[in-house]
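**Student:** What follows is target.pdb; its format and atoms are PDB, C-alpha atoms, pLDDT in the B column.
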```
ATOM      1  CA  MET A 649     134.317  94.738  72.316  1.00 67.00           C
ATOM      2  CA  ASP A 650     136.489  97.858  72.432  1.00 72.00           C
ATOM      3  CA  LEU A 651     136.959 100.017  75.514  1.00 78.00           C
ATOM      4  CA  GLU A 652     134.523 102.729  74.460  1.00 80.00           C
ATOM      5  CA  THR A 653     131.761 100.223  73.813  1.00 82.00           C
ATOM      6  CA  ALA A 654     132.485  98.446  77.085  1.00 83.00           C
ATOM      7  CA  LEU A 655     132.197 101.707  79.030  1.00 85.00           C
ATOM      8  CA  HIS A 656     128.935 102.525  77.260  1.00 82.00           C
ATOM      9  CA  VAL A 657     127.509  99.100  78.072  1.00 87.00           C
ATOM     10  CA  ALA A 658     128.639  99.357  81.691  1.00 88.00           C
ATOM     11  CA  SER A 659     127.055 102.803  82.148  1.00 89.00           C
ATOM     12  CA  GLU A 660     123.738 101.635  80.650  1.00 89.00           C
ATOM     13  CA  LEU A 661     123.677  98.545  82.832  1.00 91.00           C
ATOM     14  CA  ALA A 662     124.562 100.579  85.922  1.00 90.00           C
ATOM     15  CA  GLY A 663     121.474 102.715  85.372  1.00 89.00           C
ATOM     16  CA  ALA A 664     119.297  99.624  84.947  1.00 91.00           C
ATOM     17  CA  ILE A 665     120.445  98.171  88.282  1.00 93.00           C
ATOM     18  CA  TRP A 666     118.224 100.645  90.125  1.00 94.00           C
ATOM     19  CA  VAL A 667     115.147  99.501  88.192  1.00 94.00           C
ATOM     20  CA  THR A 668     115.903  95.883  89.119  1.00 94.00           C
ATOM     21  CA  LEU A 669     116.425  96.783  92.771  1.00 95.00           C
ATOM     22  CA  ALA A 670     113.267  98.915  92.781  1.00 95.00           C
ATOM     23  CA  LEU A 671     111.222  96.013  91.424  1.00 95.00           C
ATOM     24  CA  ALA A 672     112.522  93.717  94.161  1.00 95.00           C
ATOM     25  CA  ALA A 673     112.217  96.366  96.883  1.00 95.00           C
ATOM     26  CA  VAL A 674     108.526  96.963  96.118  1.00 96.00           C
ATOM     27  CA  THR A 675     107.665  93.324  95.439  1.00 96.00           C
ATOM     28  CA  LEU A 676     109.091  91.798  98.624  1.00 95.00           C
ATOM     29  CA  PRO A 677     107.087  93.847 101.180  1.00 96.00           C
ATOM     30  CA  LEU A 678     103.870  93.425  99.191  1.00 96.00           C
ATOM     31  CA  GLY A 679     104.483  89.690  98.903  1.00 95.00           C
ATOM     32  CA  LEU A 680     105.156  89.506 102.631  1.00 95.00           C
ATOM     33  CA  ILE A 681     101.848  91.256 103.389  1.00 95.00           C
ATOM     34  CA  LEU A 682      99.922  88.930 101.069  1.00 95.00           C
ATOM     35  CA  ALA A 683     101.679  85.932 102.620  1.00 95.00           C
ATOM     36  CA  GLY A 684     100.757  87.097 106.114  1.00 94.00           C
ATOM     37  CA  LEU A 685      97.101  87.481 105.141  1.00 95.00           C
ATOM     38  CA  ALA A 686      97.096  84.079 103.428  1.00 94.00           C
ATOM     39  CA  THR A 687      98.732  82.422 106.444  1.00 93.00           C
ATOM     40  CA  TRP A 688      96.199  84.001 108.797  1.00 92.00           C
ATOM     41  CA  ALA A 689      93.330  82.876 106.560  1.00 93.00           C
ATOM     42  CA  ARG A 690      94.689  79.328 106.316  1.00 91.00           C
ATOM     43  CA  ARG A 691      94.726  79.105 110.117  1.00 88.00           C
ATOM     44  CA  SER A 692      91.253  80.621 110.442  1.00 87.00           C
ATOM     45  CA  ARG A 693      88.313  78.759 111.935  1.00 88.00           C
ATOM     46  CA  HIS A 694      86.167  79.648 108.931  1.00 90.00           C
ATOM     47  CA  ARG A 695      86.225  77.014 106.234  1.00 91.00           C
ATOM     48  CA  ALA A 696      85.551  79.550 103.456  1.00 92.00           C
ATOM     49  CA  LEU A 697      88.622  81.622 104.365  1.00 92.00           C
ATOM     50  CA  ARG A 698      90.784  78.523 104.561  1.00 92.00           C
ATOM     51  CA  GLY A 699      89.535  77.373 101.180  1.00 93.00           C
ATOM     52  CA  VAL A 700      90.174  80.715  99.469  1.00 94.00           C
ATOM     53  CA  ALA A 701      93.663  81.024 100.951  1.00 94.00           C
ATOM     54  CA  SER A 702      94.599  77.441 100.068  1.00 93.00           C
ATOM     55  CA  ALA A 703      93.306  77.918  96.515  1.00 95.00           C
ATOM     56  CA  TYR A 704      95.344  81.124  96.173  1.00 95.00           C
ATOM     57  CA  VAL A 705      98.552  79.470  97.334  1.00 94.00           C
ATOM     58  CA  LEU A 706      98.004  76.397  95.170  1.00 94.00           C
ATOM     59  CA  ALA A 707      97.081  78.350  92.030  1.00 94.00           C
ATOM     60  CA  PHE A 708      99.881  80.889  92.059  1.00 95.00           C
ATOM     61  CA  ARG A 709     102.515  78.321  93.000  1.00 94.00           C
ATOM     62  CA  SER A 710     101.404  76.157  90.090  1.00 94.00           C
ATOM     63  CA  ILE A 711     101.214  78.789  87.334  1.00 93.00           C
ATOM     64  CA  PRO A 712     104.546  80.075  85.943  1.00 94.00           C
ATOM     65  CA  LEU A 713     105.315  83.676  86.786  1.00 94.00           C
ATOM     66  CA  LEU A 714     105.819  84.542  83.120  1.00 94.00           C
ATOM     67  CA  VAL A 715     102.272  83.395  82.331  1.00 94.00           C
ATOM     68  CA  GLN A 716     100.921  85.490  85.203  1.00 94.00           C
ATOM     69  CA  ILE A 717     102.725  88.573  83.890  1.00 94.00           C
ATOM     70  CA  PHE A 718     101.404  88.030  80.364  1.00 94.00           C
ATOM     71  CA  VAL A 719      97.823  87.484  81.540  1.00 93.00           C
ATOM     72  CA  LEU A 720      97.922  90.606  83.694  1.00 93.00           C
ATOM     73  CA  TYR A 721      99.551  92.919  81.162  1.00 92.00           C
ATOM     74  CA  TYR A 722      98.349  91.603  77.795  1.00 91.00           C
ATOM     75  CA  GLY A 723      95.247  89.616  78.736  1.00 89.00           C
ATOM     76  CA  LEU A 724      93.323  92.150  80.823  1.00 88.00           C
ATOM     77  CA  SER A 725      93.734  94.817  78.152  1.00 85.00           C
ATOM     78  CA  GLN A 726      91.263  92.842  75.992  1.00 88.00           C
ATOM     79  CA  PHE A 727      88.338  93.976  78.167  1.00 88.00           C
ATOM     80  CA  ALA A 728      86.930  97.381  77.157  1.00 87.00           C
ATOM     81  CA  TRP A 729      85.128  97.889  80.472  1.00 89.00           C
ATOM     82  CA  LEU A 730      88.420  97.446  82.310  1.00 87.00           C
ATOM     83  CA  ARG A 731      90.207  99.940  80.072  1.00 87.00           C
ATOM     84  CA  ALA A 732      87.443 102.452  80.862  1.00 89.00           C
ATOM     85  CA  SER A 733      87.729 101.935  84.627  1.00 89.00           C
ATOM     86  CA  PRO A 734      90.073 103.797  87.020  1.00 89.00           C
ATOM     87  CA  VAL A 735      91.982 100.550  87.578  1.00 89.00           C
ATOM     88  CA  TRP A 736      93.414 100.902  84.073  1.00 90.00           C
ATOM     89  CA  ILE A 737      95.587 103.791  85.303  1.00 90.00           C
ATOM     90  CA  VAL A 738      97.612 101.176  87.179  1.00 90.00           C
ATOM     91  CA  LEU A 739      97.255  98.205  84.836  1.00 89.00           C
ATOM     92  CA  LYS A 740      98.466 100.093  81.767  1.00 90.00           C
ATOM     93  CA  ASP A 741     101.824 100.713  83.420  1.00 92.00           C
ATOM     94  CA  PRO A 742     104.233  97.784  82.768  1.00 93.00           C
ATOM     95  CA  PHE A 743     106.213  98.439  85.958  1.00 94.00           C
ATOM     96  CA  ALA A 744     103.038  98.273  88.067  1.00 94.00           C
ATOM     97  CA  CYS A 745     101.886  95.093  86.304  1.00 94.00           C
ATOM     98  CA  ALA A 746     105.261  93.456  86.922  1.00 95.00           C
ATOM     99  CA  VAL A 747     105.126  94.412  90.604  1.00 96.00           C
ATOM    100  CA  ILE A 748     101.566  93.105  91.009  1.00 95.00           C
ATOM    101  CA  ALA A 749     102.277  89.790  89.294  1.00 95.00           C
ATOM    102  CA  MET A 750     105.537  89.230  91.153  1.00 96.00           C
ATOM    103  CA  SER A 751     104.007  90.222  94.503  1.00 96.00           C
ATOM    104  CA  VAL A 752     101.083  87.820  94.134  1.00 96.00           C
ATOM    105  CA  CYS A 753     103.429  84.998  93.137  1.00 95.00           C
ATOM    106  CA  ALA A 754     105.932  85.779  95.907  1.00 95.00           C
ATOM    107  CA  GLY A 755     103.076  85.956  98.418  1.00 95.00           C
ATOM    108  CA  ALA A 756     101.984  82.419  97.547  1.00 95.00           C
ATOM    109  CA  TYR A 757     105.484  81.003  97.989  1.00 95.00           C
ATOM    110  CA  THR A 758     106.137  83.014 101.151  1.00 95.00           C
ATOM    111  CA  ALA A 759     102.837  81.820 102.644  1.00 94.00           C
ATOM    112  CA  GLU A 760     104.079  78.258 102.291  1.00 93.00           C
ATOM    113  CA  VAL A 761     107.365  79.263 103.946  1.00 94.00           C
ATOM    114  CA  MET A 762     105.408  80.796 106.826  1.00 93.00           C
ATOM    115  CA  ARG A 763     103.304  77.663 107.175  1.00 92.00           C
ATOM    116  CA  GLY A 764     106.446  75.589 107.464  1.00 90.00           C
ATOM    117  CA  GLY A 765     107.938  77.967 110.019  1.00 90.00           C
ATOM    118  CA  LEU A 766     104.829  77.856 112.200  1.00 90.00           C
ATOM    119  CA  ALA A 767     104.631  74.090 111.920  1.00 90.00           C
ATOM    120  CA  ALA A 768     108.242  73.837 113.135  1.00 88.00           C
ATOM    121  CA  VAL A 769     107.477  75.563 116.455  1.00 89.00           C
ATOM    122  CA  PRO A 770     107.672  72.944 119.245  1.00 89.00           C
ATOM    123  CA  GLN A 771     104.285  72.325 120.820  1.00 88.00           C
ATOM    124  CA  GLY A 772     105.969  72.103 124.207  1.00 88.00           C
ATOM    125  CA  ALA A 773     107.089  75.739 123.999  1.00 87.00           C
ATOM    126  CA  ILE A 774     103.519  76.863 123.338  1.00 86.00           C
ATOM    127  CA  GLU A 775     102.161  74.737 126.173  1.00 87.00           C
ATOM    128  CA  ALA A 776     104.814  76.082 128.545  1.00 88.00           C
ATOM    129  CA  ALA A 777     103.881  79.672 127.677  1.00 87.00           C
ATOM    130  CA  ARG A 778     100.204  78.974 128.249  1.00 86.00           C
ATOM    131  CA  ALA A 779     101.060  77.262 131.554  1.00 87.00           C
ATOM    132  CA  LEU A 780     102.830  80.453 132.660  1.00 85.00           C
ATOM    133  CA  GLY A 781      99.583  82.357 132.175  1.00 86.00           C
ATOM    134  CA  LEU A 782     100.311  84.078 128.856  1.00 85.00           C
ATOM    135  CA  SER A 783      97.314  84.849 126.708  1.00 86.00           C
ATOM    136  CA  ARG A 784      96.930  83.390 123.245  1.00 85.00           C
ATOM    137  CA  PHE A 785      98.056  86.657 121.646  1.00 85.00           C
ATOM    138  CA  LYS A 786     101.101  87.057 123.919  1.00 87.00           C
ATOM    139  CA  THR A 787     102.037  83.425 123.349  1.00 88.00           C
ATOM    140  CA  PHE A 788     102.000  83.992 119.616  1.00 87.00           C
ATOM    141  CA  LEU A 789     103.862  87.309 119.864  1.00 87.00           C
ATOM    142  CA  LEU A 790     106.545  86.297 122.366  1.00 86.00           C
ATOM    143  CA  VAL A 791     106.994  82.562 121.722  1.00 87.00           C
ATOM    144  CA  THR A 792     105.514  81.305 118.473  1.00 88.00           C
ATOM    145  CA  MET A 793     106.486  84.157 116.165  1.00 89.00           C
ATOM    146  CA  PRO A 794     110.182  84.488 117.180  1.00 87.00           C
ATOM    147  CA  ILE A 795     110.737  80.733 116.850  1.00 88.00           C
ATOM    148  CA  ALA A 796     108.852  80.578 113.548  1.00 90.00           C
ATOM    149  CA  ILE A 797     110.855  83.478 112.117  1.00 89.00           C
ATOM    150  CA  ARG A 798     114.155  81.791 112.967  1.00 88.00           C
ATOM    151  CA  ARG A 799     112.985  78.494 111.488  1.00 88.00           C
ATOM    152  CA  ALA A 800     111.580  80.085 108.321  1.00 90.00           C
ATOM    153  CA  LEU A 801     114.385  82.576 107.664  1.00 90.00           C
ATOM    154  CA  PRO A 802     116.658  80.235 105.620  1.00 89.00           C
ATOM    155  CA  ALA A 803     113.789  79.324 103.290  1.00 91.00           C
ATOM    156  CA  TYR A 804     112.614  82.934 103.074  1.00 93.00           C
ATOM    157  CA  SER A 805     116.170  84.043 102.280  1.00 92.00           C
ATOM    158  CA  ASN A 806     116.064  81.758  99.279  1.00 92.00           C
ATOM    159  CA  GLU A 807     112.721  83.291  98.256  1.00 92.00           C
ATOM    160  CA  ILE A 808     114.262  86.781  98.392  1.00 94.00           C
ATOM    161  CA  VAL A 809     117.066  85.726  96.057  1.00 94.00           C
ATOM    162  CA  VAL A 810     114.618  84.015  93.689  1.00 94.00           C
ATOM    163  CA  THR A 811     112.431  87.137  93.622  1.00 94.00           C
ATOM    164  CA  LEU A 812     115.408  89.302  92.749  1.00 94.00           C
ATOM    165  CA  LYS A 813     116.307  87.012  89.865  1.00 93.00           C
ATOM    166  CA  SER A 814     112.667  86.894  88.738  1.00 94.00           C
ATOM    167  CA  THR A 815     112.776  90.620  88.015  1.00 94.00           C
ATOM    168  CA  SER A 816     114.444  89.664  84.732  1.00 93.00           C
ATOM    169  CA  LEU A 817     111.031  88.486  83.474  1.00 94.00           C
ATOM    170  CA  ALA A 818     109.767  92.072  83.585  1.00 94.00           C
ATOM    171  CA  CYS A 819     111.652  92.785  80.370  1.00 93.00           C
ATOM    172  CA  THR A 820     109.010  90.764  78.509  1.00 92.00           C
ATOM    173  CA  ILE A 821     106.518  93.595  79.100  1.00 93.00           C
ATOM    174  CA  THR A 822     108.964  96.413  78.212  1.00 88.00           C
ATOM    175  CA  VAL A 823     110.270  97.166  81.708  1.00 92.00           C
ATOM    176  CA  MET A 824     113.838  98.279  81.133  1.00 91.00           C
ATOM    177  CA  GLU A 825     115.611  96.538  83.985  1.00 92.00           C
ATOM    178  CA  LEU A 826     118.967  94.775  83.663  1.00 92.00           C
ATOM    179  CA  THR A 827     117.896  92.071  81.230  1.00 92.00           C
ATOM    180  CA  GLY A 828     115.777  94.439  79.143  1.00 91.00           C
ATOM    181  CA  VAL A 829     118.616  96.915  78.768  1.00 92.00           C
ATOM    182  CA  ALA A 830     120.988  94.050  77.978  1.00 92.00           C
ATOM    183  CA  LYS A 831     118.727  92.910  75.139  1.00 90.00           C
ATOM    184  CA  ASP A 832     118.791  96.408  73.634  1.00 90.00           C
ATOM    185  CA  LEU A 833     122.558  96.647  74.027  1.00 89.00           C
ATOM    186  CA  MET A 834     122.937  93.244  72.413  1.00 88.00           C
ATOM    187  CA  SER A 835     121.085  94.438  69.306  1.00 85.00           C
ATOM    188  CA  GLN A 836     123.170  97.639  69.222  1.00 85.00           C
ATOM    189  CA  THR A 837     126.626  96.171  69.755  1.00 83.00           C
ATOM    190  CA  PHE A 838     126.140  92.540  68.623  1.00 82.00           C
ATOM    191  CA  ALA A 839     128.344  91.584  71.562  1.00 83.00           C
ATOM    192  CA  VAL A 840     126.018  88.956  72.973  1.00 86.00           C
ATOM    193  CA  ILE A 841     128.465  87.062  75.163  1.00 89.00           C
ATOM    194  CA  GLU A 842     130.176  90.147  76.570  1.00 89.00           C
ATOM    195  CA  VAL A 843     126.935  91.963  77.426  1.00 90.00           C
ATOM    196  CA  PHE A 844     125.254  89.035  79.105  1.00 90.00           C
ATOM    197  CA  CYS A 845     128.428  88.051  80.939  1.00 91.00           C
ATOM    198  CA  MET A 846     128.435  91.540  82.434  1.00 92.00           C
ATOM    199  CA  VAL A 847     124.765  91.126  83.386  1.00 93.00           C
ATOM    200  CA  ALA A 848     125.513  87.750  84.974  1.00 93.00           C
ATOM    201  CA  LEU A 849     128.385  89.293  86.935  1.00 94.00           C
ATOM    202  CA  ILE A 850     126.123  92.081  88.223  1.00 94.00           C
ATOM    203  CA  TYR A 851     123.475  89.587  89.352  1.00 94.00           C
ATOM    204  CA  LEU A 852     126.187  87.481  90.978  1.00 94.00           C
ATOM    205  CA  ILE A 853     127.590  90.417  92.959  1.00 94.00           C
ATOM    206  CA  ILE A 854     124.165  91.626  94.084  1.00 94.00           C
ATOM    207  CA  ASN A 855     123.081  88.155  95.195  1.00 93.00           C
ATOM    208  CA  MET A 856     126.392  87.453  96.956  1.00 94.00           C
ATOM    209  CA  VAL A 857     126.006  90.620  99.018  1.00 94.00           C
ATOM    210  CA  LEU A 858     122.359  89.801  99.677  1.00 93.00           C
ATOM    211  CA  ILE A 859     123.101  86.236 100.755  1.00 92.00           C
ATOM    212  CA  PHE A 860     125.891  87.442 103.068  1.00 93.00           C
ATOM    213  CA  LEU A 861     123.553  89.963 104.723  1.00 93.00           C
ATOM    214  CA  LEU A 862     120.789  87.403 105.113  1.00 91.00           C
ATOM    215  CA  ARG A 863     123.152  84.914 106.718  1.00 89.00           C
ATOM    216  CA  LEU A 864     124.340  87.636 109.066  1.00 90.00           C
ATOM    217  CA  VAL A 865     120.729  88.364 110.061  1.00 88.00           C
ATOM    218  CA  GLU A 866     120.123  84.644 110.532  1.00 85.00           C
ATOM    219  CA  ARG A 867     123.136  84.401 112.822  1.00 85.00           C
ATOM    220  CA  LEU A 868     122.104  87.462 114.831  1.00 85.00           C
ATOM    221  CA  LEU A 869     118.633  85.999 115.366  1.00 80.00           C
ATOM    222  CA  THR A 870     120.073  82.700 116.594  1.00 78.00           C
ATOM    223  CA  PRO A 871     120.152  82.645 120.416  1.00 73.00           C
ATOM    224  CA  PRO A 872     123.635  82.449 121.961  1.00 73.00           C
ATOM    225  CA  TYR A 873     122.849  79.148 123.669  1.00 66.00           C
ATOM    226  CA  GLN A 874     122.284  77.613 120.234  1.00 65.00           C
ATOM    227  CA  ARG A 875     125.515  79.022 118.815  1.00 61.00           C
ATOM    228  CA  LYS A 876     127.825  77.637 121.532  1.00 53.00           C
ATOM    229  CA  PRO A 877     127.147  73.948 120.892  1.00 50.00           C
ATOM    230  CA  MET A 878     127.986  74.447 117.237  1.00 46.00           C
ATOM    231  CA  LEU A 879     131.291  76.110 118.121  1.00 46.00           C
ATOM    232  CA  ALA A 880     132.029  73.490 120.741  1.00 48.00           C
ATOM    233  CA  GLY A 881     131.327  70.735 118.234  1.00 48.00           C
ATOM    234  CA  ALA A 882     133.677  72.331 115.759  1.00 46.00           C
ATOM    235  CA  ARG A 883     136.400  72.530 118.419  1.00 54.00           C
ATOM    236  CA  ARG A 884     135.899  68.860 119.274  1.00 55.00           C
ATOM    237  CA  VAL A 885     136.265  67.894 115.628  1.00 45.00           C
ATOM    238  CA  VAL A 886     139.446  69.953 115.273  1.00 47.00           C
ATOM    239  CA  SER A 887     140.838  68.537 118.516  1.00 55.00           C
ATOM    240  CA  ALA A 888     140.096  64.959 117.461  1.00 53.00           C
ATOM    241  CA  ALA A 889     141.759  65.495 114.098  1.00 52.00           C
ATOM    242  CA  LYS A 890     144.787  67.006 115.823  1.00 52.00           C
ATOM    243  CA  TRP A 891     145.197  64.043 118.164  1.00 49.00           C
ATOM    244  CA  ARG A 892     144.736  61.604 115.286  1.00 57.00           C
ATOM    245  CA  SER A 893     147.523  63.329 113.352  1.00 54.00           C
ATOM    246  CA  ILE A 894     149.772  63.205 116.436  1.00 50.00           C
ATOM    247  CA  GLY A 895     149.028  59.487 116.897  1.00 52.00           C
ATOM    248  CA  ALA A 896     149.759  58.762 113.236  1.00 49.00           C
ATOM    249  CA  ALA A 897     153.050  60.661 113.459  1.00 49.00           C
ATOM    250  CA  SER A 898     154.099  58.766 116.575  1.00 51.00           C
ATOM    251  CA  GLN A 899     153.322  55.419 114.946  1.00 51.00           C
ATOM    252  CA  LYS A 900     155.439  56.325 111.937  1.00 49.00           C
ATOM    253  CA  GLY A 901     158.212  57.358 114.253  1.00 48.00           C
TER     254      GLY A 901
END
```
Translate the structure described by the file into structure tokens.
**Tutor:**
Amino acid sequence: MDLETALHVASELAGAIWVTLALAAVTLPLGLILAGLATWARRSRHRALRGVASAYVLAFRSIPLLVQIFVLYYGLSQFAWLRASPVWIVLKDPFACAVIAMSVCAGAYTAEVMRGGLAAVPQGAIEAARALGLSRFKTFLLVTMPIAIRRALPAYSNEIVVTLKSTSLACTITVMELTGVAKDLMSQTFAVIEVFCMVALIYLIINMVLIFLLRLVERLLTPPYQRKPMLAGARRVVSAAKWRSIGAASQKG
């Protein structure tokens, strides 16, 4: 690949980055809302709500995202009554279909992450809050939710990264994000390895920055009293290694 072609490929891919980021930026909040509703329904006293929410989580975690995108974009267009309805204004747009499919799928996975986070909250902390006279709502808001968020954040961070990478599937329904533009550039330049290596590098940089920011948030949400033991443990390990090296040197001497 010559320099002119490389610059052309880089400029085209740079423009497609914003489509990829837009897909992820719209999908993640919608998925979080769906996950919150599903988690609330799964903890409801009504058996019907629990059944619907559990079926939703099970179904959309079991079906591949690519199949969901195809069914939504290509499958629903087979119904004439749907094409004549106002809903078709949204469903005929490939970007909107990709967002809907990815949001529903991300919501199912995030609901399971939330369930795990809530299950990890110590029962003693909840009982202590209730013993102090806090209402059920205040207990959830001030005790349960902060602990659950900290416990679920590592798993949810992974879900964010997976969702960002899943945006590449949107190219199958003509959304021109990074992978879609790369496929067009591949057919234009015939530089398959070079183009997709550049795409891989872009994804790598974006995800590295994202993972760094998520770890920073995770550290900021960790209470100071939980950080100190980790630092103290690290100091003890370093100190023990230092004294072992001194003892080994003295024995050799």
**Student:** Against region 826-830 of chain A, which residues of region 651-729 of chain A fall within 7 Å? For each one I want the closest pair of atoms and the distance in Å (one decimal), counting all atoms listed in the file, rows by chain and increasing residue number, as CSV.
**Tutor:**
```
residue,atom,partner,partner_atom,distance
A:Leu661,CA,A:Leu826,CA,6.1
A:Ala664,CA,A:Leu826,CA,5.0
A:Ile665,CA,A:Leu826,CA,5.9
A:Thr668,CA,A:Leu826,CA,6.4
```
**Student:** Based on the selection just made, write C-alpha atoms of those residues as a PDB file, in the coordinates of the input.
**Tutor:**
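Dumped to result-v3.pdb:
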```pdb
ATOM      1  CA  LEU A 661     123.677  98.545  82.832  1.00 91.00           C
ATOM      2  CA  ALA A 664     119.297  99.624  84.947  1.00 91.00           C
ATOM      3  CA  ILE A 665     120.445  98.171  88.282  1.00 93.00           C
ATOM      4  CA  THR A 668     115.903  95.883  89.119  1.00 94.00           C
TER       5      THR A 668
END
```
**Student:** Excluding region 722-739 of chain A and any residue of its chain fewer than 5 positions from it, enumerate the residues within 12 Å of it, using all atoms listed in the file, and give them as number ranges by chain.
**Tutor:** A: 714-717, 744-749, 820-822
**Student:** Selected by the PyMOL selection byres ((chain A and resi 869) around 12) in the shown coordinates: which residues, as a count of residues only?
**Tutor:** 22
**Student:** Taking the file as shown, what set of residues would the PyMOL selection byres ((chain A and resi 687) around 9) give back, as a short mmCIF file (atom, residue, chain, number, x, y, z; two decimals) with C-alpha atoms, keeping the file's coordinate frame?
**Tutor:**
```
data_model
loop_
_atom_site.label_atom_id
_atom_site.label_comp_id
_atom_site.auth_asym_id
_atom_site.auth_seq_id
_atom_site.Cartn_x
_atom_site.Cartn_y
_atom_site.Cartn_z
CA LEU A 682 99.92 88.93 101.07
CA ALA A 683 101.68 85.93 102.62
CA GLY A 684 100.76 87.10 106.11
CA LEU A 685 97.10 87.48 105.14
CA ALA A 686 97.10 84.08 103.43
CA TRP A 688 96.20 84.00 108.80
CA ALA A 689 93.33 82.88 106.56
CA ARG A 690 94.69 79.33 106.32
CA ARG A 691 94.73 79.10 110.12
CA SER A 692 91.25 80.62 110.44
CA ALA A 701 93.66 81.02 100.95
CA ALA A 759 102.84 81.82 102.64
CA GLU A 760 104.08 78.26 102.29
CA MET A 762 105.41 80.80 106.83
CA ARG A 763 103.30 77.66 107.18
#
```
**Student:** Enclose all atoms of region 853-866 of chain A listed in the file in an axis-aligned box, grow every side by 8 Å, and hand back centre and edge lengths in Å to one decimal, as JSON.
**Tutor:**
```
{"center_x": 123.9, "center_y": 88.1, "center_z": 101.7, "size_x": 23.5, "size_y": 23.0, "size_z": 33.6}
```
**Student:** Could you list, as a VMD selection string, every residue within 12 Å of Leu671 (chain A), counting only C-alpha atoms and ignoring same-chain residues fewer than 5 positions away?
**Tutor:** chain A and resid 664 to 666 676 to 679 742 to 751 808 811 to 819 823 to 826
**Student:** Quick one: pull the distance between CA of Phe860 (chain A) and CA of Glu807 (chain A), Å, one decimal.
**Tutor:**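 Distance reported for this atom pair: 14.6 Å.
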**Student:** When you draw a straight line from CA of Ala779 (chain A) to CA of Val791 (chain A), how long is it in Å?
**Tutor:**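 These two atoms are separated by 12.6 Å.
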**Student:** Mind giving me the straight-line distance from CA of Ser835 (chain A) to CA of His656 (chain A) in Å, one decimal?
**Tutor:**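 Computing it gives 13.8 Å between the two atoms.
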**Student:** Write out all heavy atoms for region 722-726 of chain A, as a PDB file, in the frame of the given file.
**Tutor:**
```
ATOM      1  N   TYR A 722      98.917  91.716  79.135  1.00 91.00           N
ATOM      2  CA  TYR A 722      98.349  91.603  77.795  1.00 91.00           C
ATOM      3  C   TYR A 722      96.894  91.107  77.809  1.00 91.00           C
ATOM      4  O   TYR A 722      96.083  91.530  76.988  1.00 91.00           O
ATOM      5  CB  TYR A 722      99.189  90.648  76.932  1.00 91.00           C
ATOM      6  CG  TYR A 722     100.579  91.144  76.674  1.00 91.00           C
ATOM      7  CD1 TYR A 722     101.692  90.476  77.183  1.00 91.00           C
ATOM      8  CD2 TYR A 722     100.800  92.295  75.910  1.00 91.00           C
ATOM      9  CE1 TYR A 722     102.979  90.934  76.937  1.00 91.00           C
ATOM     10  CE2 TYR A 722     102.089  92.754  75.672  1.00 91.00           C
ATOM     11  CZ  TYR A 722     103.169  92.067  76.184  1.00 91.00           C
ATOM     12  OH  TYR A 722     104.435  92.524  75.947  1.00 91.00           O
ATOM     13  N   GLY A 723      96.575  90.213  78.737  1.00 89.00           N
ATOM     14  CA  GLY A 723      95.247  89.616  78.736  1.00 89.00           C
ATOM     15  C   GLY A 723      94.149  90.558  79.188  1.00 89.00           C
ATOM     16  O   GLY A 723      93.092  90.652  78.538  1.00 89.00           O
ATOM     17  N   LEU A 724      94.372  91.281  80.291  1.00 88.00           N
ATOM     18  CA  LEU A 724      93.323  92.150  80.823  1.00 88.00           C
ATOM     19  C   LEU A 724      93.031  93.338  79.917  1.00 88.00           C
ATOM     20  O   LEU A 724      91.957  93.935  80.001  1.00 88.00           O
ATOM     21  CB  LEU A 724      93.710  92.641  82.228  1.00 88.00           C
ATOM     22  CG  LEU A 724      93.841  91.559  83.299  1.00 88.00           C
ATOM     23  CD1 LEU A 724      94.147  92.191  84.651  1.00 88.00           C
ATOM     24  CD2 LEU A 724      92.564  90.715  83.393  1.00 88.00           C
ATOM     25  N   SER A 725      93.970  93.686  79.058  1.00 85.00           N
ATOM     26  CA  SER A 725      93.734  94.817  78.152  1.00 85.00           C
ATOM     27  C   SER A 725      92.690  94.498  77.086  1.00 85.00           C
ATOM     28  O   SER A 725      92.244  95.393  76.358  1.00 85.00           O
ATOM     29  CB  SER A 725      95.041  95.227  77.480  1.00 85.00           C
ATOM     30  OG  SER A 725      95.551  94.160  76.679  1.00 85.00           O
ATOM     31  N   GLN A 726      92.263  93.229  76.979  1.00 88.00           N
ATOM     32  CA  GLN A 726      91.263  92.842  75.992  1.00 88.00           C
ATOM     33  C   GLN A 726      89.855  93.280  76.398  1.00 88.00           C
ATOM     34  O   GLN A 726      88.944  93.312  75.561  1.00 88.00           O
ATOM     35  CB  GLN A 726      91.277  91.322  75.795  1.00 88.00           C
ATOM     36  CG  GLN A 726      92.632  90.750  75.451  1.00 88.00           C
ATOM     37  CD  GLN A 726      93.182  91.305  74.152  1.00 88.00           C
ATOM     38  OE1 GLN A 726      92.473  91.426  73.164  1.00 88.00           O
ATOM     39  NE2 GLN A 726      94.459  91.661  74.182  1.00 88.00           N
TER      40      GLN A 726
END
```
